[in-house]
2 protein chains.
Amino acid sequence: MPSTSQRTSDITFFFEPKSVAVVGATNNPLKFGHYALLNLIDLGFKGKVYPVNLKADEVSGLKAYPRVDLIPDEVEVVAIIVPAPSVPQVMRDCARKGVKGVVILSSGFREAGGEGIKFEREIVETAKKAGIRIVGPNTTGILNTSNGFTTSFAPLPKLRKGNVAFIAQTGLFAAAAFWWILSAEPFCLSRVMGLGNKSDVDDSEALEYLAHDEDTEVIAIYMEGVKDGRKFLKATRQAAKNKPVLILKSGRTEAGIQASMSHTGSLAVRDEIFDAVCKKVGAIRVKDFEELTDLAKAFALQPLAKGNRIGIVSMTGAGCVMAADYSAEYGLEVPELSDETVKYIESYLPSWINVKNPYDSEMLFESVGPEDCLRISLGGFLGDENVDCAVCVLPSSPMFAFDVEGSIKEIKEKYPDKPFAVNLIGSKDMVDLWTKQLEDIKVPVYPSIERCVRALGALSKYPKITRALVSDSQ
Amino acid sequence: MPSTSQRTSDITFFFEPKSVAVVGATNNPLKFGHYALLNLIDLGFKGKVYPVNLKADEVSGLKAYPRVDLIPDEVEVVAIIVPAPSVPQVMRDCARKGVKGVVILSSGFREAGGEGIKFEREIVETAKKAGIRIVGPNTTGILNTSNGFTTSFAPLPKLRKGNVAFIAQTGLFAAAAFWWILSAEPFCLSRVMGLGNKSDVDDSEALEYLAHDEDTEVIAIYMEGVKDGRKFLKATRQAAKNKPVLILKSGRTEAGIQASMSHTGSLAVRDEIFDAVCKKVGAIRVKDFEELTDLAKAFALQPLAKGNRIGIVSMTGAGCVMAADYSAEYGLEVPELSDETVKYIESYLPSWINVKNPYDSEMLFESVGPEDCLRISLGGFLGDENVDCAVCVLPSSPMFAFDVEGSIKEIKEKYPDKPFAVNLIGSKDMVDLWTKQLEDIKVPVYPSIERCVRALGALSKYPKITRALVSDSQ
């Protein structure tokens with residue numbers, strides 16, 4: 001891991017400020033500025049918090065100040081959520097106060113065109129002269145689940161700490177994504193960083209910070225454009241050596257680029273070029289938010305695969321065929337099993353049955369019942385030296401109920417170094433119950449076979465990526 | 001619509017038999033034969049039901065017979081679930097009895113190789129001589145939600161009637177898919193037909209039957225191989241003229257083909273050829289089960305789109321960009337709005353805001369609140385003559401709670417002829433609740449923007465397909 005001295009800058013203070021002012025904090029619950037302050041209180045942030053409001057003496061129970069530079073104590077970071085035309089003046093106040101960084105949540109800047117462009121240029125100039133770093137404008141900014149610090153203006157629920165960091169070039173989307181992850185996914189977030197228009201701090205610096213952040217084991221990025229290509233490549237390559245970097249980049253088509261121009265004012269990058277570049281620097285590019293969370297889940301919960309040979313165990317024959325198809329598409333081989341495994345599984349079956357990979361376990365299920373079926377088939381496959389990872393396809397219905405959690409837990413404990421994923425299809429109650437049970441013991445469950453195989457494909461691809469990056473830089 | 005006389009055969013009796021025998025019915029709940037009989041009782045099938053069991057006098061409360069030909073009354077259809085080596089003898093009993101059709105649920109035939117091939121050849125010959133039609137072997141067979149008739153050996157829950165038919169070349173997968181659809185999807189099934197090894201009745205005949213089945217408005221197919229290409233093309237083209245035909249075909253890669261050989265003994269078809277053929281005959285090919293149910297849901301719930309121009313309304317800017325990207329990929333155009341719509345929406349906003357498609361409605365949300373925001377933005381878009389369909393991206397969290405159902409219902413009732421789909425992202429409880437509410441009023445909700453746009457793409461593509469097929473055949 002490179003030493004801290006190699007970094008171009010250190011934006012750690014944005015995640016761990018000792019004191020923060022919220023400009024635009026208000027008691028009006030219909031305004032986003034209300035939540036920007038409330039979140040800090042609700043999440044239990046331990047640093048100092050100063051509401052700034054021209055008219056109120058007190059906001060959400062805290063003493064308020066009319067201007068940042070009238071706050072008597074030191075202020076490290078300022079969150080700004082007032083209309084764009086007022087932000088240049090706030091920035092001058094911040095410069096006078098000598099703050100380290102501002103997070104500008106307001107929109108109406110470069111992305112809006114017209115006067116917005118002028119406002120953005122003005123605040124950037126003021127900040128540069130005063131040595132202030134800017135996150136945004138046009139974003140939700142920062143969230144650190146380790147200390148409860150946030151600038152988010154979207155109401156946030158209670159936090160769980162996690163190992164996945166999320167960098168997003170957008171505000172509400174990052175917040176909505178965060179709600180989803182917190183309430184629906186078995187992994188959680190370490191840091192969230194909304195970059196908005198990236199007038200100053202950009203993905204590269206975020207990546208540099210996260211590459212060294214010990215709470216973060218996986219980095220997921222939503223982006224619409226790249227400002228400084230060379231810097232981004234260097235930062236991504238460096239981060240990808242340490243941990244998987246997943247990138248969802250939109251603005252891929254003409255229509256998307258047009259939309260992106262008026263969202264974050266991003267410059268267009270030709271999509272094939274961005275694709276090639278991602279490959280070169282070891283980033284794993286994904287196509288939609290579902291794939292982003294699918295892969296983040298796999299990396300957050302499971303070990304990496306030592307190779308690309310997949311074992312396929314399915315209670316349905318169709319599952320075998322589909323899983324084999326997807327394996328080929330996601331770079332996985334379907335190897336022959338070792339004789340030992342074949343003999344082991346066949347010993348539980350009538351003599352005329354041949355066991356192979358993919359394995360349709362319906363007959364075994366009928367012979368030995370569900371628990372032993374899983375133990376023998378999935379367990380047998382994971383124990384095979386020819387198999388690096390496995391997908392298990394299980395129909396689920398209350399009428400087929402069995403102790404899936406106990407059986408899978410035993411298998412997982414026996415083969416902790418080989419990743420596997422489960423696809424459940426059947427009655428929804430049972431799918432939801434089993435999904436919860438399995439994901440609680442860190443086995444990722446996906447609602448389609450393809451998504452299982454895609455995730456395992458990533459777990460097998462990433463070690464190759466890091467090896468290539470490391471040997472590249474030697 | 002072609003008249004009945006044009007059909008090559010009529011397999012209606014498989015779905016509406018007056019009497020059925022279940023060979024292999026048993027009181028042992030660990031055997032699938034137990035459920036094959038029990039389902040008929042539980043689903044309330046009104047025809048006559050005869051268990052056939054060599055040893056028992058009574059199965060599940062019904063008088064049992066040792067052989068089919070010893071049943072004193074007429075038997076129209078026979079479901080067979082005894083080990084493969086015994087099936088040829090059962091088939092001879094059926095021939096003696098003069099039944100119309102058999103559904104062979106047992107596996108161990110062509111797909112198993114060796115003796116299985118001989119067994120299958122034998123039963124096909126016996127059936128042909130006796131004029132008996134065969135569904136299977138190696139399948140779950142038939143389900144008709146209109147009359148509760150089924151040969152399924154997988155335990156089935158209570159039934160809802162629906163408008164989507166599902167043809168599947170596999171047993172348990174069809175059952176598991178059925179459980180899922182019944183418990184999790186807002187649409188339901190009219191008919192299910194498991195074809196297994198297709199030793200006789202095949203997809204083409206199933207398609208012919210379903211093309212004319214009045215309960216069926218959408219046909220979804222899972223298949224691994226095609227036996228008689230020419231017949232399949234003709235049947236598909238004919239069916240696609242009447243209703244959308246969605247095809248999920250596996251065995252697409254070398255690995256998949258290998259797996260398929262030992263599952264249903266299917267012959268390989270080169271995937272590019274199958275793809276081209278689907279296009280030619282108007283079938284919509286899908287890549288996985290998730291896409292199959294996604295599109296079935298859209299067709300089952302929504303009107304077709306009159307053109308390919310999509311309106312994009314998103315509460316997040318990122319949603320706008322991503323939806324625009326996916327639109328380009330799924331054949332949808334992102335048109336300019338009419339001046340009228342622009343003026344209408346802008347009248348609710350500060351003067352410096354420009355409204356366009358895609359539309360980031362965050363500012364409108366802040367100005368007029370969530371209900372009016374939806375009414376003005378999504379309603380405005382659907383009312384625009386330049387827009388044929390729309391996607392609506394909504395963040396959802398308990399803290400943003402509002403009457404989404406009421407607002408959307410009003411919009412849907414005002415514009416019943418334009419399809420739209422909703423993507424929800426946010427806290428899971430809220431996503432689940434809103435999904436249920438919206439799908440109950442027949443608005444499809446998808447967990448990703450891409451899946452919304454893909455579904456709308458299909459709704460806009462299908463009318464073009466039928467027009468082409470009709471003009472082709474004139």
# chains A, B, ... in the order shown; residues from 1 in each chain; ligands from 1

$ interface_residues --of "chain B" --to "chain A" --cutoff "6 Å" --atoms "only C-alpha atoms" --output "number ranges by chain"
B: 172-173, 176, 179-180, 183-184, 250, 252-253, 255-256, 259-260, 263, 316-317, 321-322, 324-325, 395, 425-428

$ select_by_dssp --residues "segment 106-143 of chain B" --states "alpha helix (DSSP H)" --output "list in words"
Glu115, Gly116, Ile117, Lys118, Phe119, Glu120, Arg121, Glu122, Ile123, Val124, Glu125, Thr126, Ala127, Lys128, Lys129 and Ala130 of chain B

$ atom_distance --atom1 "atom CA of Asp339 of chain A" --atom2 "atom CA of Cys373 of chain A"
18.8 Å

$ residues_around --residues "Lys18 of chain A" --least-positions-apart "3" --cutoff "10 Å" --atoms "only C-alpha atoms" --output "list in words"
Phe13, Phe14, Phe15, Phe45, Lys46, Gly47, Lys48, Val49, Glu74, Val75, Glu76, Val77 and Phe149 of chain A

$ select_by_dssp --residues "segment 199-428 of chain B" --states "strand (DSSP E or B)" --output "number ranges by chain"
B: 218-223, 245-249, 284-286, 309-314, 333, 359-360, 389-396, 420-426

$ closest_residue --among "A:Ile310, A:Val355, A:Leu374, A:Ala468" --to "Leu332 of chain A" --atoms "only C-alpha atoms"
A:Ile310

$ residues_around --residues "Leu382 of chain A" --least-positions-apart "6" --cutoff "7 Å" --atoms "only C-alpha atoms" --output "tab-separated table (two decimals) with N, CA and C atoms, in the first residue's frame"
chain	number	residue	atom	x	y	z
A	389	CYS	N	-15.64	-21.82	-7.37
A	389	CYS	CA	-16.81	-21.12	-6.84
A	389	CYS	C	-18.04	-21.92	-7.26
A	390	ALA	N	-19.18	-21.60	-6.66
A	390	ALA	CA	-20.37	-22.39	-7.03
A	390	ALA	C	-21.63	-21.55	-7.00
A	415	TYR	N	-16.14	-24.78	4.00
A	415	TYR	CA	-15.38	-24.30	2.85
A	415	TYR	C	-15.37	-22.77	2.84
A	418	LYS	N	-14.12	-20.61	-0.46
A	418	LYS	CA	-14.69	-20.65	-1.80
A	418	LYS	C	-16.03	-19.92	-1.84

$ atom_distance --atom1 "atom CA of Thr293 of chain A" --atom2 "atom CA of Cys452 of chain B"
17.6 Å

$ residues_around --residues "Asp42 of chain A" --least-positions-apart "2" --cutoff "9 Å" --atoms "only C-alpha atoms" --output "PyMOL selection string"
chain A and resi 37-40+44-45+148+156-158

$ write_last_selection --atoms "C-alpha atoms" --output "CSV table (one decimal), in the first residue's frame"
chain,number,residue,atom,x,y,z
A,37,LEU,CA,-28.9,20.0,10.3
A,38,LEU,CA,-31.3,17.4,11.7
A,39,ASN,CA,-29.3,14.5,10.3
A,40,LEU,CA,-26.2,15.6,12.2
A,44,GLY,CA,-25.2,11.4,16.8
A,45,PHE,CA,-22.3,13.3,15.2
A,148,GLY,CA,-22.3,10.0,12.1
A,156,LEU,CA,-31.6,9.7,6.7
A,157,PRO,CA,-32.6,6.6,8.7
A,158,LYS,CA,-30.5,5.1,11.5

$ residues_around --residues "Ala298 of chain A" --least-positions-apart "3" --cutoff "7 Å" --atoms "only C-alpha atoms" --output "CSV table (one decimal) with N, CA and C atoms, in the first residue's frame"
chain,number,residue,atom,x,y,z
A,294,ASP,N,-25.4,-5.6,-6.7
A,294,ASP,CA,-25.2,-7.0,-6.7
A,294,ASP,C,-23.7,-7.4,-6.5
A,295,LEU,N,-22.9,-6.6,-7.2
A,295,LEU,CA,-21.4,-6.9,-7.1
A,295,LEU,C,-20.9,-6.5,-5.8
A,301,LEU,N,-19.5,-9.6,1.1
A,301,LEU,CA,-19.8,-10.8,1.9
A,301,LEU,C,-18.9,-12.0,1.7
A,302,GLN,N,-18.4,-12.1,0.5
A,302,GLN,CA,-17.8,-13.4,0.1
A,302,GLN,C,-16.3,-13.3,-0.1
A,444,PRO,N,-24.6,-14.5,-0.4
A,444,PRO,CA,-25.4,-13.6,-1.2
A,444,PRO,C,-26.5,-14.4,-2.0
A,455,ALA,N,-22.2,-12.1,-10.5
A,455,ALA,CA,-21.5,-11.8,-9.2
A,455,ALA,C,-20.3,-12.7,-9.0

$ closest_residue --among "A:Lys118, A:Lys227, A:Arg309, A:Arg110" --to "Glu385 of chain A" --atoms "only C-alpha atoms"
A:Arg309

$ closest_residue --among "B:Leu246, B:Arg92, B:Val445, B:Ile132" --to "Ile167 of chain B" --atoms "only C-alpha atoms"
B:Leu246

$ atom_distance --atom1 "atom CA of Leu43 of chain A" --atom2 "atom CA of Pro244 of chain A"
28.2 Å
